[in-house]
$ cat my_file.pdb   # PDB, C-alpha atoms, pLDDT in the B column
ATOM      1  CA  MET U   1      75.735  78.430 152.887  1.00 58.00           C
ATOM      2  CA  ILE U   2      75.680  77.742 156.611  1.00 59.00           C
ATOM      3  CA  LEU U   3      78.170  75.352 158.166  1.00 62.00           C
ATOM      4  CA  TYR U   4      76.796  74.603 161.599  1.00 60.00           C
ATOM      5  CA  GLY U   5      78.735  72.842 164.308  1.00 63.00           C
ATOM      6  CA  ALA U   6      82.157  71.295 164.399  1.00 66.00           C
ATOM      7  CA  LEU U   7      81.798  67.586 164.932  1.00 65.00           C
ATOM      8  CA  SER U   8      85.215  66.756 163.516  1.00 70.00           C
ATOM      9  CA  ARG U   9      88.641  68.321 163.266  1.00 76.00           C
ATOM     10  CA  ASP U  10      88.831  67.136 159.645  1.00 79.00           C
ATOM     11  CA  GLN U  11      88.908  69.796 156.954  1.00 79.00           C
ATOM     12  CA  THR U  12      85.563  70.838 155.525  1.00 76.00           C
ATOM     13  CA  ALA U  13      85.306  70.867 151.756  1.00 77.00           C
ATOM     14  CA  VAL U  14      83.640  74.016 150.466  1.00 79.00           C
ATOM     15  CA  PRO U  15      82.886  74.253 146.730  1.00 80.00           C
ATOM     16  CA  PRO U  16      84.920  77.329 145.694  1.00 84.00           C
ATOM     17  CA  PHE U  17      83.195  77.995 142.375  1.00 88.00           C
ATOM     18  CA  HIS U  18      79.822  78.442 144.109  1.00 81.00           C
ATOM     19  CA  ILE U  19      81.458  81.012 146.379  1.00 82.00           C
ATOM     20  CA  PHE U  20      83.269  82.821 143.577  1.00 87.00           C
ATOM     21  CA  ALA U  21      80.194  82.915 141.329  1.00 88.00           C
ATOM     22  CA  ARG U  22      78.149  84.609 144.040  1.00 86.00           C
ATOM     23  CA  ASN U  23      80.934  86.841 145.393  1.00 87.00           C
ATOM     24  CA  LEU U  24      80.348  85.438 148.892  1.00 84.00           C
ATOM     25  CA  THR U  25      82.265  86.131 152.068  1.00 83.00           C
ATOM     26  CA  ILE U  26      83.008  83.317 154.489  1.00 80.00           C
ATOM     27  CA  ARG U  27      83.007  84.277 158.135  1.00 77.00           C
ATOM     28  CA  GLY U  28      83.532  82.146 161.223  1.00 75.00           C
ATOM     29  CA  VAL U  29      81.425  82.702 164.309  1.00 73.00           C
ATOM     30  CA  SER U  30      82.220  81.367 167.753  1.00 75.00           C
ATOM     31  CA  LEU U  31      79.422  81.154 170.310  1.00 78.00           C
ATOM     32  CA  PRO U  32      81.686  81.923 173.306  1.00 83.00           C
ATOM     33  CA  ALA U  33      82.637  85.232 171.688  1.00 79.00           C
ATOM     34  CA  TYR U  34      78.948  86.240 171.569  1.00 80.00           C
ATOM     35  CA  ALA U  35      77.903  84.581 174.824  1.00 84.00           C
ATOM     36  CA  SER U  36      80.255  86.771 176.841  1.00 88.00           C
ATOM     37  CA  ASP U  37      78.321  89.887 175.756  1.00 88.00           C
ATOM     38  CA  ASP U  38      74.838  90.026 177.314  1.00 91.00           C
ATOM     39  CA  ALA U  39      73.378  92.214 174.541  1.00 92.00           C
ATOM     40  CA  GLN U  40      74.688  89.973 171.754  1.00 88.00           C
ATOM     41  CA  LEU U  41      73.606  86.814 173.568  1.00 89.00           C
ATOM     42  CA  GLY U  42      70.115  88.295 174.011  1.00 92.00           C
ATOM     43  CA  ALA U  43      69.945  89.119 170.301  1.00 91.00           C
ATOM     44  CA  LEU U  44      70.989  85.557 169.401  1.00 86.00           C
ATOM     45  CA  LYS U  45      68.365  84.083 171.724  1.00 89.00           C
ATOM     46  CA  ARG U  46      65.659  86.325 170.220  1.00 92.00           C
ATOM     47  CA  PHE U  47      66.728  85.383 166.688  1.00 89.00           C
ATOM     48  CA  VAL U  48      66.422  81.663 167.428  1.00 88.00           C
ATOM     49  CA  THR U  49      63.254  81.939 169.529  1.00 91.00           C
ATOM     50  CA  GLU U  50      61.455  84.109 166.970  1.00 93.00           C
ATOM     51  CA  GLY U  51      62.730  82.017 164.064  1.00 90.00           C
ATOM     52  CA  LEU U  52      61.351  78.860 165.640  1.00 88.00           C
ATOM     53  CA  ALA U  53      58.030  80.514 166.523  1.00 91.00           C
ATOM     54  CA  ASP U  54      57.517  82.183 163.131  1.00 88.00           C
ATOM     55  CA  GLY U  55      58.752  79.288 161.000  1.00 82.00           C
ATOM     56  CA  PRO U  56      61.949  80.369 159.179  1.00 86.00           C
ATOM     57  CA  LEU U  57      63.935  78.101 161.478  1.00 85.00           C
ATOM     58  CA  SER U  58      62.472  74.637 161.544  1.00 85.00           C
ATOM     59  CA  PRO U  59      64.715  71.836 162.748  1.00 86.00           C
ATOM     60  CA  VAL U  60      64.596  68.617 160.775  1.00 90.00           C
ATOM     61  CA  ILE U  61      64.022  65.585 162.976  1.00 93.00           C
ATOM     62  CA  ALA U  62      65.653  62.450 161.617  1.00 94.00           C
ATOM     63  CA  ARG U  63      64.144  60.109 164.197  1.00 96.00           C
ATOM     64  CA  THR U  64      62.580  60.107 167.646  1.00 97.00           C
ATOM     65  CA  PHE U  65      63.349  57.481 170.289  1.00 97.00           C
ATOM     66  CA  PRO U  66      61.712  56.833 173.659  1.00 97.00           C
ATOM     67  CA  PHE U  67      64.187  57.074 176.549  1.00 97.00           C
ATOM     68  CA  GLU U  68      64.025  53.295 176.971  1.00 97.00           C
ATOM     69  CA  GLU U  69      65.733  52.976 173.554  1.00 97.00           C
ATOM     70  CA  ILE U  70      68.632  55.299 174.386  1.00 96.00           C
ATOM     71  CA  VAL U  71      71.192  52.658 173.382  1.00 96.00           C
ATOM     72  CA  GLU U  72      69.601  52.339 169.936  1.00 96.00           C
ATOM     73  CA  ALA U  73      69.469  56.130 169.640  1.00 95.00           C
ATOM     74  CA  HIS U  74      73.188  56.298 170.370  1.00 94.00           C
ATOM     75  CA  ARG U  75      73.923  53.618 167.767  1.00 94.00           C
ATOM     76  CA  PHE U  76      71.826  55.531 165.248  1.00 94.00           C
ATOM     77  CA  MET U  77      73.820  58.676 165.999  1.00 92.00           C
ATOM     78  CA  GLU U  78      77.180  56.879 165.775  1.00 92.00           C
ATOM     79  CA  ALA U  79      76.266  55.496 162.347  1.00 90.00           C
ATOM     80  CA  GLY U  80      76.249  59.111 161.144  1.00 84.00           C
ATOM     81  CA  ASN U  81      73.745  58.504 158.346  1.00 85.00           C
ATOM     82  CA  GLN U  82      70.944  60.712 159.629  1.00 88.00           C
ATOM     83  CA  VAL U  83      69.959  64.038 158.204  1.00 88.00           C
ATOM     84  CA  GLY U  84      68.515  66.107 161.017  1.00 90.00           C
ATOM     85  CA  LYS U  85      68.302  65.902 164.760  1.00 92.00           C
ATOM     86  CA  ILE U  86      67.878  62.822 166.885  1.00 95.00           C
ATOM     87  CA  VAL U  87      65.275  63.338 169.590  1.00 96.00           C
ATOM     88  CA  VAL U  88      64.990  61.269 172.763  1.00 97.00           C
ATOM     89  CA  THR U  89      61.727  61.687 174.655  1.00 96.00           C
ATOM     90  CA  VAL U  90      61.719  61.392 178.429  1.00 93.00           C
TER      91      VAL U  90
END
$ encode --input "my_file.pdb" --output "structure tokens"
Amino acid sequence: MILYGALSRDQTAVPPFHIFARNLTIRGVSLPAYASDDAQLGALKRFVTEGLADGPLSPVIARTFPFEEIVEAHRFMEAGNQVGKIVVTV
């Protein structure tokens, strides 16, 4: 399970029985803690770059908007119903 981003200060519900059944460990990671170390930041950049190039990381795009429709893109984002990224082309 990957919880990515913190868009709200509300509590996040995590299904405990899925965690217990798999004997999982939950660990928090803060980007600033890694970004302050050049070696760790380099490793993170390589992980993302290689993952995107090789395919294991493939972002889901919910919708693409031309820049002229930036207001509509913002409304779409505020609605919070999308699954994936919102892309605005310039």
$ closest_atom_pairs --input "my_file.pdb" --of "region 44-67 of chain U" --to "region 74-80 of chain U" --cutoff "10 Å" --atoms "all atoms listed in the file" --output "Markdown table"
| residue | atom | partner | partner_atom | distance |
| --- | --- | --- | --- | --- |
| U:Ala62 | CA | U:Phe76 | CA | 10.0 |
| U:Arg63 | CA | U:Phe76 | CA | 9.0 |
| U:Phe65 | CA | U:His74 | CA | 9.9 |
$ resolve_selection --input "my_file.pdb" --expression "the PyMOL selection byres ((chain U and resi 67) around 12)" --output "CSV table (one decimal) with C-alpha atoms, in the frame of the given file"
chain,number,residue,atom,x,y,z
U,64,THR,CA,62.6,60.1,167.6
U,65,PHE,CA,63.3,57.5,170.3
U,66,PRO,CA,61.7,56.8,173.7
U,68,GLU,CA,64.0,53.3,177.0
U,69,GLU,CA,65.7,53.0,173.6
U,70,ILE,CA,68.6,55.3,174.4
U,71,VAL,CA,71.2,52.7,173.4
U,72,GLU,CA,69.6,52.3,169.9
U,73,ALA,CA,69.5,56.1,169.6
U,74,HIS,CA,73.2,56.3,170.4
U,86,ILE,CA,67.9,62.8,166.9
U,87,VAL,CA,65.3,63.3,169.6
U,88,VAL,CA,65.0,61.3,172.8
U,89,THR,CA,61.7,61.7,174.7
U,90,VAL,CA,61.7,61.4,178.4
$ atom_distance --input "my_file.pdb" --atom1 "CA of Asn23 (chain U)" --atom2 "CA of Gly51 (chain U)"
26.5 Å
$ resolve_selection --input "my_file.pdb" --expression "the PyMOL selection byres ((chain U and resi 83) around 8)" --output "PyMOL selection string"
chain U and resi 60-62+81-82+84-85
